[in-house]
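Some notes on the structure that comes next.
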Amino acid sequence: MPTISVIIPAYNAERTILETISSVQQQTFSDFELIIINDGSTDRTLELIQNIQDERLKIFSYENGGLPVARNRGISLASGEFIAFLDADDLWTPDKLELQLTALQQNPEAGVAYSWTYFMDEQGKSSIPGVSLFFEGDVQANLLVNNFLASGSNPLVRKQAIESVGEFDSNYTACEDWDYWLRLSAAWNFVVVPKHQIFYRQSATSMSSTKVKNMEDNGLLVIEKTFQSVKPELQYLKNQSLAWIYQYSTQQYLKQNINNIEAVRHAREKLWQAIRLHPPILLANYAQDLIIWLIKKWILTKIYILRNKNNPLMIK
C-alpha cells in the first residue's frame, strides 16, 4: 500500500489539471497513489488525464456532486496511511509531501501537518507569499478566528484522524474545508512546516455578489454549528469568528467592478458589522487596510458615477 493518498477532485479543469498533476509527479517523496475524481466534467479533463502514463494514477468518474462529495469519494477509495487533498487548479512545491510527512512522523500526537501558502494569479505567472504563522499543537482557538490553512490544498492528514471525524459535510456549498479543519482541530494537534509550499490559484475575476453572499452564509453556518460544541473557555471567540467572516466578505465586495455601487455599500455594511462585533480588529492591519480600501473605492465609484450619470447602463 502507498504511504500517501493524494486526492484531486476535478470538474472542467482542462486549463490547469495537467500542471497540477505534474506538481504531484515531481514530488521528492514518491510513495503515493494519485486519485483523481472526475466530478462530471464536460470539457477535455477526462481525455487529458487518461493520456498520462503513471502507474500511481487512478481515475474515477462520477456524475457531478460538488467538491465535498468528490473529496469524500476520494477518501473512500484511498489506501494510504496519510491523505492529502489538492484542488485541480493549485500547485505544490516538490518537497511538500516529504516535509509534511516528516513533520507528522516526528510528531506522532499530531493528526494534521500544514504549510504556508503562496497566493498565485490565474495564469500562474506571479505569486505573493502569504503570512507566515507558527500555530502548532491545539490550534482550535486560532482556527476559529481565521482559516489560516487558506485552502483545501494545504494539509497532509493522518487517515486515522480522518476516520475519527468523518467525511466533509456535503451540505455546504462553500467553507466546507474550514468546517473540516475545525473538526480536526477539536480532536487532533496540528504541526506546521515553516515553508511556503502551496500555490493557491486565485481567479482574476471577482466573485459575484451572489457568490459572496453564499460564501458568507455558509461561513456563518459553520460558525453556528462549531460553537455548539466548542469548549466553554473558547466561547468568547464567537464574535471574533463572526467578525472574520464579515471582514472577508468586505474584501470580496471591494474586489468587484468600480461601477458597482451596491457592492461598495455591501462592503461598508459588512465592515461595520465586523467592527461592531469585535472592535479590537481596528488595531489589526487587515481591518485598517480594508478601511483605506473602502474609502478609496467609495471615492472612485462616486467619480465613475458622476462621469457616467448620463449613461445609466454603465452604472449598476
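Every chain in the C-alpha cells takes a letter, A first, then B, and so on in the order presented; its residues are numbered from 1, and the ligands are numbered from 1 following the presented order.
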
* Asked: Could you write out, as a PyMOL selection string, all the residues of stretch 190-236 of chain A that DSSP marks as alpha helix (DSSP H)?
  -> chain A and resi 209-227

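Around A:Thr226, within 8 Å and counting only C-alpha atoms, the residues found are Asp179, Leu182, Arg183, Val222, Ile223, Ser229 and Val230 of chain A, once anything fewer than 3 positions away on its own chain is removed.
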
* Pick from A:Ile261, A:Ala150, A:Ile17, A:Leu57: nearest to A:Ala88, with only C-alpha atoms counted? -> A:Ile17

* Do a neighbour search on stretch 211-214 of chain A at 8 Å with only C-alpha atoms, toss out local chain neighbours closer than 6 positions, and write the hits as a ChimeraX atom specification. => /A:173-174,249,252-253

Which polymer residues have any atom within 9 Å of an atom of A:Ile37, counting only C-alpha atoms, with same-chain residues fewer than 5 positions away left out, as a PDB file with C-alpha atoms, in the first residue's frame?
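Once written, part-v3.pdb looks like this:
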ATOM      1  CA  ILE A   7      -6.901  13.187  -3.881  1.00  0.00           C
ATOM      2  CA  ILE A   8      -7.638  15.637  -6.703  1.00  0.00           C
ATOM      3  CA  PRO A   9     -11.303  16.466  -7.405  1.00  0.00           C
ATOM      4  CA  ALA A  10     -11.567  17.711 -10.986  1.00  0.00           C
ATOM      5  CA  TYR A  11     -14.514  19.462 -12.600  1.00  0.00           C
ATOM      6  CA  LYS A  58      -6.086   6.147 -10.593  1.00  0.00           C
ATOM      7  CA  ILE A  59      -9.040   7.802 -12.315  1.00  0.00           C
ATOM      8  CA  PHE A  60     -12.665   7.519 -11.201  1.00  0.00           C
ATOM      9  CA  SER A  61     -15.554   9.254 -12.945  1.00  0.00           C
ATOM     10  CA  TYR A  62     -18.920  10.179 -11.425  1.00  0.00           C
ATOM     11  CA  ALA A  70     -15.758  14.451  -4.689  1.00  0.00           C
ATOM     12  CA  ARG A  71     -13.333  14.622  -1.772  1.00  0.00           C
ATOM     13  CA  ARG A  73     -15.390   9.741  -2.808  1.00  0.00           C
ATOM     14  CA  GLY A  74     -11.621  10.051  -2.902  1.00  0.00           C
TER      15      GLY A  74
END

* To do: Could you give me, as a list in words, the residues within 12 Å of A:Gln53, counting only C-alpha atoms and dropping anything in the same chain fewer than 6 positions from it?
  => Ile21, Ser22, Gln25 and Ile59 of chain A

* DSSP strand (DSSP E) selection over stretch 9-249 of chain A, as number ranges by chain -> A: 9-10, 32-39, 57-62, 82-85, 91-92, 110-120, 127-129, 156-158, 189-201

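For the residues A:Asn64, A:Asn308, A:Thr117, A:Gln247, ranking by smallest atom-to-atom distance to A:Pro194 using only C-alpha atoms places A:Thr117 first.
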
* **Nearest-residue call for A:Arg276, choices A:Leu86, A:Gln100, A:Glu19, A:Trp244, using only C-alpha atoms** => A:Trp244

* Quick one: everything within 8 Å of A:Leu277, counting only C-alpha atoms, minus sequence neighbours fewer than 3 positions away in the same chain. Send it as a ChimeraX atom specification. => /A:239-240,242-243,273-274
